[in-house]
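A short write-up of the structure that comes next.
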Amino acid sequence: MTEVLPAERDLRRVIGDGETVPDGEVQGLSEADLLELHRWLVLLRTYDERSVVYHRQGRIGTYAIFWNHEAMQAGSVYALERGDWIFPSYRESAIGLLRGMPPSTLLSWWRGHPAGWWNPRDWNVASICVPIATHVPHAAGFAWGSKLRGDPACTIAYFGDGATSEGAFHEGANLAGVMRAPLILFCNNNQWAISTPVEAQTAAETLADKAAGYGIPGIRVDGADVLAVYEATRDAVSRARAGEGPTMIEAVTYRAAPHATADDPSAYIDPERVEEERQRECVGRYEAYLRRLGVLSAEAAEAVRAEAADLMRAGIAEAEAEPPADPALLFSHAYAEPPASFDADLAELRRVLDG
Ligand SMILES: Cc1ncc(C[n+]2csc(CCOP(=O)(O)OP(=O)(O)O)c2C)c(N)n1
Ligand SMILES: [Mg+2]
């Protein structure tokens, strides 16, 4: 029998609206935890906003904006231990920051520079996955491997609403369910896959319903509520560590920015709806919650923002100080036995770059 967690149909929420919906609280989180979560949210927000500026200035390449996705990323990672493994998609490109990865590494990734490659073992963060859902089977196999080795680590894989239509999502979820792998399938349902709305993506009532077919519990949570995301992930982590297998979390939010810097959503999105979502964005909602609790002062919030801005300024300077990559790298790992044409191709590339 499929196990269904209580309240899975309704979105779990902790943060109220300061008026008619009362605030809740999460057991086990101290005031220091609440402030650390705030610091994480501001770090991600600052990274994202600065990255859009750096893109416009031509200092990084195409960039996948994650404005209003910060609560899903910070809330879920806060529920993990350092030894747990993260498999990000491009939407979670900066999630390594929450493990202490330098911003310059991530900015170098978006600059297409090898300084943006990291050893996953250093941070327990796998490479950023751009092909949709192809990392879900990797994460399922990895989690199963941890279980076979008796390693207590669990694994979380992030993907979008559109990814749940890909075969790889279903293969990974099925394998994880059958093997009772310690895996968290974290779906950021921002209701768009570039210009395809979620209604055109699936006939299922909710994306969490897809988990039932694999014997996996599905939890739905307000993706703009960092505390609800934290709590839902903490429950999923406990199940994983107790040997009860995977959990799927559908975090529901709304994409309040273009898909990426190369996208013009005015062709397909309702600007009024976007504006509404921007008004209830996740960082401001959490700051209002902390102020109602009397935990966050205006000065403390400003200090956190200034610290994040300094970190980003130093990060872009460091990324730009990297010497240019050797173009030969494009060829050197492509084939065990390189075709004869490579020498001429590389010479041509060098001629173009030098010209
Ligand atoms: C296998 C594959 N097919 C198509 C694409 C092109 N593509 C890039 S992003 C995207 C939409 C994905 O939407 P979703 O899974 O909802 O994630 P989101 O971008 O909204 O976070 C598509 C189709 C791709 N990257 N990989
Ligand atoms: Mg999406």
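Identifiers in this document derive from the order of the structure tokens: chains are assigned A, B, ..., residues are numbered from 1 separately in each chain, and ligands are numbered from 1 in order of occurrence.
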Using only C-alpha atoms and all ligand atoms, what are the residues with an atom within 10 Å of ligand 1, set out as a ChimeraX atom specification? /A:64-66,69,89-92,129-134,158-168,187-198,201,254-255,258-260
Write out as a list of chain:residue names which residues come within 7 Å of Leu41 (chain A) when counting only C-alpha atoms, dropping same-chain ones fewer than 6 positions away.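 Once the nearby chain positions are removed, what remains is A:Glu70, A:Ala71, A:Ala74, A:Val283.
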Quick one: pick out all strand (DSSP E or B) residues within region 118-322 of chain A from a backbone DSSP run and write them as a PyMOL selection string. chain A and resi 125+129+155-160+183-189+192-193+196-197+218-222+247-252
Take the selection from the previous step and output its residues with N, CA, C and O atoms, as a compact mmCIF listing (two decimals), in the first residue's frame.
# COMPACT_ATOMS: atom_id res chain seq x y z
N VAL A 125 28.28 18.25 -3.23
CA VAL A 125 27.35 18.86 -4.20
C VAL A 125 27.77 18.36 -5.59
O VAL A 125 28.90 18.59 -6.02
N CYS A 129 23.16 20.27 -13.14
CA CYS A 129 22.62 19.50 -14.27
C CYS A 129 21.76 20.40 -15.16
O CYS A 129 20.78 20.99 -14.69
N THR A 155 20.34 11.78 0.09
CA THR A 155 20.60 12.54 -1.13
C THR A 155 19.34 13.31 -1.50
O THR A 155 18.23 12.79 -1.35
N ILE A 156 19.53 14.54 -1.98
CA ILE A 156 18.38 15.32 -2.44
C ILE A 156 18.62 15.70 -3.90
O ILE A 156 19.73 16.10 -4.26
N ALA A 157 17.60 15.53 -4.72
CA ALA A 157 17.70 15.93 -6.14
C ALA A 157 16.65 17.00 -6.40
O ALA A 157 15.48 16.82 -6.07
N TYR A 158 17.09 18.11 -6.98
CA TYR A 158 16.18 19.23 -7.30
C TYR A 158 15.85 19.21 -8.79
O TYR A 158 16.74 19.02 -9.63
N PHE A 159 14.59 19.46 -9.09
CA PHE A 159 14.17 19.52 -10.50
C PHE A 159 12.88 20.34 -10.54
O PHE A 159 12.28 20.64 -9.50
N GLY A 160 12.44 20.66 -11.75
CA GLY A 160 11.26 21.52 -11.89
C GLY A 160 9.99 20.76 -12.21
O GLY A 160 9.99 19.53 -12.34
N LEU A 183 16.44 8.94 -0.59
CA LEU A 183 16.44 10.02 -1.59
C LEU A 183 15.27 10.97 -1.33
O LEU A 183 14.16 10.53 -1.03
N ILE A 184 15.53 12.25 -1.50
CA ILE A 184 14.45 13.25 -1.47
C ILE A 184 14.33 13.81 -2.88
O ILE A 184 15.30 14.34 -3.43
N LEU A 185 13.17 13.64 -3.45
CA LEU A 185 12.88 14.17 -4.79
C LEU A 185 12.24 15.53 -4.56
O LEU A 185 11.09 15.61 -4.12
N PHE A 186 12.99 16.58 -4.82
CA PHE A 186 12.50 17.93 -4.50
C PHE A 186 12.10 18.63 -5.79
O PHE A 186 12.94 19.04 -6.59
N CYS A 187 10.78 18.78 -5.96
CA CYS A 187 10.28 19.42 -7.19
C CYS A 187 9.95 20.88 -6.92
O CYS A 187 9.09 21.19 -6.09
N ASN A 188 10.67 21.76 -7.62
CA ASN A 188 10.32 23.19 -7.55
C ASN A 188 9.22 23.39 -8.60
O ASN A 188 9.47 23.39 -9.79
N ASN A 189 7.99 23.45 -8.13
CA ASN A 189 6.88 23.68 -9.06
C ASN A 189 6.65 25.18 -9.16
O ASN A 189 5.87 25.76 -8.41
N TRP A 192 5.90 26.93 -14.46
CA TRP A 192 6.29 27.15 -15.86
C TRP A 192 7.51 26.30 -16.21
O TRP A 192 8.43 26.19 -15.41
N ALA A 193 7.49 25.76 -17.41
CA ALA A 193 8.68 25.15 -18.00
C ALA A 193 8.98 26.02 -19.23
O ALA A 193 8.37 25.84 -20.28
N THR A 196 5.82 26.84 -21.16
CA THR A 196 4.75 25.84 -21.01
C THR A 196 4.20 25.88 -19.59
O THR A 196 4.95 25.61 -18.64
N PRO A 197 2.91 26.23 -19.43
CA PRO A 197 2.36 26.27 -18.07
C PRO A 197 2.11 24.85 -17.54
O PRO A 197 1.94 23.92 -18.32
N GLY A 218 4.11 11.66 -1.05
CA GLY A 218 4.29 12.99 -1.65
C GLY A 218 3.79 14.05 -0.67
O GLY A 218 2.72 13.91 -0.10
N ILE A 219 4.59 15.09 -0.48
CA ILE A 219 4.21 16.19 0.42
C ILE A 219 4.11 17.44 -0.43
O ILE A 219 4.97 17.69 -1.27
N ARG A 220 3.08 18.25 -0.20
CA ARG A 220 2.98 19.54 -0.90
C ARG A 220 3.21 20.65 0.10
O ARG A 220 2.66 20.65 1.20
N VAL A 221 4.00 21.61 -0.31
CA VAL A 221 4.38 22.67 0.62
C VAL A 221 4.40 24.00 -0.13
O VAL A 221 4.63 24.03 -1.34
N ASP A 222 4.12 25.07 0.58
CA ASP A 222 4.23 26.41 0.00
C ASP A 222 5.72 26.70 -0.21
O ASP A 222 6.47 26.84 0.77
N THR A 247 11.10 10.22 -0.40
CA THR A 247 9.92 11.09 -0.26
C THR A 247 9.98 12.08 -1.41
O THR A 247 11.07 12.53 -1.77
N MET A 248 8.83 12.41 -1.96
CA MET A 248 8.81 13.50 -2.95
C MET A 248 8.18 14.73 -2.30
O MET A 248 7.14 14.63 -1.65
N ILE A 249 8.85 15.85 -2.47
CA ILE A 249 8.31 17.12 -1.98
C ILE A 249 7.97 17.98 -3.20
O ILE A 249 8.84 18.21 -4.05
N GLU A 250 6.74 18.39 -3.29
CA GLU A 250 6.34 19.35 -4.34
C GLU A 250 6.22 20.71 -3.67
O GLU A 250 5.31 20.93 -2.85
N ALA A 251 7.16 21.59 -3.95
CA ALA A 251 7.13 22.93 -3.37
C ALA A 251 6.50 23.85 -4.41
O ALA A 251 7.03 24.02 -5.51
N VAL A 252 5.36 24.42 -4.06
CA VAL A 252 4.60 25.20 -5.04
C VAL A 252 4.93 26.68 -4.90
O VAL A 252 4.83 27.25 -3.82
Would you mind listing what lies within 9 Å of Tyr63 (chain A) as a ChimeraX atom specification, with only C-alpha atoms counted and same-chain residues fewer than 6 positions away left out? /A:51-52,55,90,110,260-262
Could you save those same residues with all heavy atoms as a short mmCIF file (atom, residue, chain, number, x, y, z; two decimals), in the first residue's frame?
data_model
loop_
_atom_site.label_atom_id
_atom_site.label_comp_id
_atom_site.auth_asym_id
_atom_site.auth_seq_id
_atom_site.Cartn_x
_atom_site.Cartn_y
_atom_site.Cartn_z
N SER A 51 23.97 38.58 -10.13
CA SER A 51 24.29 37.80 -11.34
C SER A 51 23.56 38.35 -12.55
O SER A 51 24.11 38.36 -13.67
CB SER A 51 23.94 36.32 -11.14
OG SER A 51 24.80 35.77 -10.17
N VAL A 52 22.32 38.80 -12.36
CA VAL A 52 21.57 39.39 -13.48
C VAL A 52 22.31 40.66 -13.95
O VAL A 52 22.47 40.89 -15.15
CB VAL A 52 20.11 39.67 -13.09
CG1 VAL A 52 19.39 40.43 -14.20
CG2 VAL A 52 19.38 38.37 -12.78
N HIS A 55 25.41 39.70 -15.79
CA HIS A 55 25.06 39.25 -17.14
C HIS A 55 24.86 40.46 -18.06
O HIS A 55 25.39 40.51 -19.17
CB HIS A 55 23.79 38.39 -17.11
CG HIS A 55 23.23 38.19 -18.49
ND1 HIS A 55 23.80 37.33 -19.39
CD2 HIS A 55 22.22 38.80 -19.15
CE1 HIS A 55 23.15 37.39 -20.53
NE2 HIS A 55 22.18 38.28 -20.42
N TYR A 90 20.14 23.53 -12.97
CA TYR A 90 20.62 24.89 -13.22
C TYR A 90 19.88 25.92 -12.36
O TYR A 90 20.40 26.98 -12.07
CB TYR A 90 20.46 25.26 -14.72
CG TYR A 90 19.04 25.02 -15.18
CD1 TYR A 90 18.05 25.96 -14.96
CD2 TYR A 90 18.69 23.81 -15.75
CE1 TYR A 90 16.73 25.70 -15.30
CE2 TYR A 90 17.38 23.54 -16.09
CZ TYR A 90 16.41 24.50 -15.86
OH TYR A 90 15.10 24.23 -16.17
N TRP A 110 29.31 30.11 -14.70
CA TRP A 110 28.48 30.85 -15.65
C TRP A 110 29.31 31.62 -16.68
O TRP A 110 28.79 32.08 -17.68
CB TRP A 110 27.53 31.81 -14.91
CG TRP A 110 26.43 31.10 -14.18
CD1 TRP A 110 26.32 30.94 -12.83
CD2 TRP A 110 25.28 30.46 -14.75
NE1 TRP A 110 25.18 30.22 -12.52
CE2 TRP A 110 24.51 29.92 -13.68
CE3 TRP A 110 24.80 30.27 -16.06
CZ2 TRP A 110 23.31 29.22 -13.88
CZ3 TRP A 110 23.62 29.58 -16.26
CH2 TRP A 110 22.89 29.06 -15.17
N ALA A 260 15.24 32.63 -17.85
CA ALA A 260 16.68 32.88 -17.84
C ALA A 260 16.91 34.22 -18.52
O ALA A 260 15.96 34.82 -19.04
CB ALA A 260 17.43 31.76 -18.58
N THR A 261 18.16 34.68 -18.52
CA THR A 261 18.42 36.00 -19.10
C THR A 261 18.15 36.03 -20.60
O THR A 261 18.02 37.11 -21.18
CB THR A 261 19.88 36.42 -18.82
OG1 THR A 261 20.73 35.32 -19.15
CG2 THR A 261 20.08 36.81 -17.37
N ALA A 262 18.03 34.86 -21.24
CA ALA A 262 17.78 34.82 -22.68
C ALA A 262 16.28 34.79 -23.02
O ALA A 262 15.91 34.71 -24.18
CB ALA A 262 18.46 33.60 -23.30
#
Would you kindly return, as a VMD selection string, each protein, DNA or RNA residue with an atom no farther than 7 Å from any atom of region 284-297 of chain A, considering only C-alpha atoms and excluding same-chain residues fewer than 4 positions away? chain A and resid 15 280 301
Rounded to one decimal, what separation in Å do you get between CA of Val178 (chain A) and CA of Gly223 (chain A)?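 CA of Val178 (chain A) sits 27.7 Å away from CA of Gly223 (chain A).
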With a distance cut-off of 9 Å and only C-alpha atoms, select the neighbouring residues of Ala309 (chain A), excluding the residue or stretch itself and same-chain residues fewer than 5 positions from it, and output the selection as a list in words.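 Neighbouring residues, sequence-local ones excluded: Leu43, Thr46, Tyr47, Arg50, Val304 and Ala314 of chain A.
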Among the residues A:Ala242, A:Ala306, A:Ala257, A:Met101, the one that comes closest to ligand 2 [using only C-alpha atoms and all ligand atoms]: A:Ala257
How many Å separate CA of Pro114 (chain A) from CA of Asp345 (chain A)?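 Result for CA of Pro114 (chain A) versus CA of Asp345 (chain A): 20.3 Å, one decimal.
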Have a look at A:Ile86, A:Ala140, A:Leu29, A:Ala267 and name the one nearest to Asp122 (chain A); count only C-alpha atoms.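 Nearest candidate to Asp122 (chain A) out of A:Ile86, A:Ala140, A:Leu29, A:Ala267: A:Ile86.
The gap separating CA of Trp40 (chain A) from CA of Gly100 (chain A) is 10.6 Å, in Å to one decimal.
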Helix (DSSP H, G or I) positions in region 180-272 of chain A, given as a PDB file with C-alpha atoms, in the first residue's frame:
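Result written to states-v1.pdb:
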ATOM      1  CA  VAL A 198       1.956  23.403 -15.623  1.00  0.00           C
ATOM      2  CA  GLU A 199      -1.662  22.783 -16.788  1.00  0.00           C
ATOM      3  CA  ALA A 200      -0.261  21.920 -20.212  1.00  0.00           C
ATOM      4  CA  ASP A 209       0.424  12.593  -6.943  1.00  0.00           C
ATOM      5  CA  LYS A 210       3.049  11.196  -9.317  1.00  0.00           C
ATOM      6  CA  ALA A 211       4.963   9.806  -6.333  1.00  0.00           C
ATOM      7  CA  ALA A 212       2.051   7.511  -5.402  1.00  0.00           C
ATOM      8  CA  VAL A 226      11.103  28.817   4.063  1.00  0.00           C
ATOM      9  CA  LEU A 227      10.002  27.315   7.386  1.00  0.00           C
ATOM     10  CA  ALA A 228       7.407  25.020   5.829  1.00  0.00           C
ATOM     11  CA  VAL A 229      10.004  23.850   3.294  1.00  0.00           C
ATOM     12  CA  TYR A 230      12.491  23.234   6.107  1.00  0.00           C
ATOM     13  CA  GLU A 231       9.972  21.216   8.118  1.00  0.00           C
ATOM     14  CA  ALA A 232       8.826  19.119   5.143  1.00  0.00           C
ATOM     15  CA  THR A 233      12.441  18.335   4.214  1.00  0.00           C
ATOM     16  CA  ARG A 234      13.300  17.482   7.814  1.00  0.00           C
ATOM     17  CA  ASP A 235      10.455  14.925   7.794  1.00  0.00           C
ATOM     18  CA  ALA A 236      11.732  13.478   4.522  1.00  0.00           C
ATOM     19  CA  VAL A 237      15.290  13.274   5.919  1.00  0.00           C
ATOM     20  CA  SER A 238      14.029  11.402   9.009  1.00  0.00           C
ATOM     21  CA  ARG A 239      12.224   8.886   6.814  1.00  0.00           C
ATOM     22  CA  ALA A 240      15.322   8.414   4.678  1.00  0.00           C
ATOM     23  CA  ARG A 241      17.626   7.899   7.682  1.00  0.00           C
ATOM     24  CA  PRO A 265       8.268  36.155 -20.862  1.00  0.00           C
ATOM     25  CA  SER A 266       6.124  39.124 -21.978  1.00  0.00           C
ATOM     26  CA  ALA A 267       5.197  36.916 -24.958  1.00  0.00           C
ATOM     27  CA  PRO A 271       2.296  40.560 -15.958  1.00  0.00           C
ATOM     28  CA  GLU A 272      -0.342  41.217 -13.267  1.00  0.00           C
TER      29      GLU A 272
END
Restricting the calculation to only C-alpha atoms and all ligand atoms: of A:Ala256, A:Val21, A:Ala224, A:Ile216, which residue gets closest to ligand 2?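 Comparing A:Ala256, A:Val21, A:Ala224, A:Ile216 against ligand 2, the winner is A:Ala256.
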Which residue, A:Ala115, A:Ile95, A:Ala32, A:Leu207, has the smallest gap to ligand 2 when you use only C-alpha atoms and all ligand atoms? A:Leu207
Find the spatial neighbours of Gly172 (chain A), counting only C-alpha atoms, within a cut-off of 8 Å - ignore same-chain residues fewer than 6 positions away - and output them as a CSV table (one decimal) with N, CA, C and O atoms, in the first residue's frame.
chain,number,residue,atom,x,y,z
A,136,VAL,N,18.2,12.8,-12.0
A,136,VAL,CA,17.3,12.1,-11.1
A,136,VAL,C,17.7,10.6,-11.0
A,136,VAL,O,17.9,10.1,-9.8
A,137,PRO,N,17.9,9.9,-12.1
A,137,PRO,CA,18.5,8.5,-11.9
A,137,PRO,C,19.9,8.5,-11.3
A,137,PRO,O,20.2,7.6,-10.5
A,138,HIS,N,20.7,9.5,-11.6
A,138,HIS,CA,22.0,9.5,-11.0
A,138,HIS,C,21.9,9.6,-9.4
A,138,HIS,O,22.5,8.9,-8.7
A,139,ALA,N,21.0,10.5,-9.0
A,139,ALA,CA,20.8,10.7,-7.6
A,139,ALA,C,20.2,9.4,-6.9
A,139,ALA,O,20.6,9.1,-5.8
A,140,ALA,N,19.3,8.8,-7.6
A,140,ALA,CA,18.6,7.6,-7.1
A,140,ALA,C,19.7,6.5,-6.9
A,140,ALA,O,19.8,5.8,-5.9
A,141,GLY,N,20.5,6.3,-7.9
A,141,GLY,CA,21.6,5.3,-7.9
A,141,GLY,C,22.6,5.6,-6.8
A,141,GLY,O,23.0,4.8,-6.0
So, with only C-alpha atoms and all ligand atoms as the atoms that count, which of A:Pro120, A:Ala173, A:Ala319, A:Thr253 lies closest to ligand 2? A:Thr253
